[in-house]
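Take a look at the structure below.
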Amino acid sequence: MSISDFSTVIQVDQSPSTVFNAVTNVRGWWSEEIEGDSAKLNDEFNYRYEDIHRCKVKLTDVIPNQKIVWFVEKNYFKFTEDETEWTGTKPTFEITEKDGKTELRFTHVGLVPEYECFDICRDSWTNYIQNSLKKLITTGKGEPNASGKPQTENERKLSAGE
């Protein structure tokens with residue numbers, strides 16, 4: 001992990017197992033258009049948002065109620081010169097108990113400011129972790145995207161071709 005990798009943290013009153021189960025329910029907080037499995041070691045899933053972003057992800061480290069590591073095997077961005085920027089990066093979810101609360105630290109290892117997508121990805125991940133995933137954990141209902149259902153300002157702009 002590098003100091004420049006994107007990272008964000010939330011704290012909730014729910015248990016580590018509730019947080020773990022929410023993280024692995026990728027359709028419940030990131031995208032309704034996930035194809036494949038997203039909960040166990042070696043599971044693979046495909047993410048797609050319209051023709052703007054696609055990626056293939058494999059779960060390479062799963063410690064129940066503690067840690068989940070995704071490995072981005074393939075990536076396509078319509079909006080960057082290097083369409084494969086995320087390829088080889090590792091979105092990582094670390095769950096710990098702190099002061100009677102459960103802390104979730106999300107770090108996208110390899111997502112660094114030098115990437116053309118950094119600002120858009122930072123803003124999107126911040127929304128998905130701080131808003132959608134947190135709502136899924138605390139209320140049971142997240143705010144995932146789907147075609148025609150953008151959830152971030154960037155998705156709205158990219159969908160409109162801006």
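Chain labels A, B, ... are given in the sequence in which chains occur in the structure tokens; within each chain residues are numbered consecutively from 1, and ligands are likewise numbered from 1 in the order shown.
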
Who sits within 10 Å of region 64-73 of chain A, only C-alpha atoms, same chain under 4 positions skipped, as a VMD selection string: chain A and resid 15 to 21 23 to 24 38 to 46 55 to 60 84 to 97 104 to 109

As a ChimeraX atom specification, please: all residues of region 57-100 of chain A that backbone DSSP puts in strand (DSSP E or B). /A:57-63,67-77,90-98

So, counting only C-alpha atoms, which residue among A:Arg27, A:Arg156, A:Arg122, A:Lys135 is closest to Val12 (chain A)?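 For Val12 (chain A), the nearest of the candidates is A:Lys135.
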
Selection: 8 Å around His53 (chain A), only C-alpha atoms, excl. self and same-chain fewer than 4 positions, as a PyMOL selection string: chain A and resi 47-49+75-78

As a PyMOL selection string, please: every residue in chain A that a backbone DSSP assignment puts in helix (DSSP H, G or I). chain A and resi 16-24+26-29+118-139+153-159

Would you kindly return, as number ranges by chain, each protein, DNA or RNA residue with an atom no farther than 9 Å from any atom of Glu153 (chain A), considering only C-alpha atoms and excluding same-chain residues fewer than 5 positions away? A: 123-124, 158

To one decimal place in Å, what is the distance between CA of Glu103 (chain A) and CA of Asn25 (chain A)?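 Separating CA of Glu103 (chain A) from CA of Asn25 (chain A) is a distance of 17.5 Å.
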
Do you know which residues are at most 10 Å from region 125-131 of chain A counting only C-alpha atoms, after dropping those on the same chain fewer than 4 positions away, and could you put them as JSON, numbers by chain? {"A": [6, 7, 8, 9, 10, 11, 23, 29, 30, 31, 104, 105, 106, 107, 108, 119, 120, 121, 135, 136, 142, 143, 144, 145, 151, 152, 153]}

For Glu116 (chain A), which of A:Ser4, A:Thr139, A:Ser147, A:Thr80 is the closest residue, counting only C-alpha atoms? A:Thr80

Can you tell me how far CA of Lys98 (chain A) sits from CA of Leu133 (chain A), in Å to one decimal?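 Interatomic distance, CA of Lys98 (chain A) to CA of Leu133 (chain A): 18.8 Å.
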
Correct to one decimal, the distance CA of Ile3 (chain A)-CA of Thr138 (chain A) is 29.1 Å
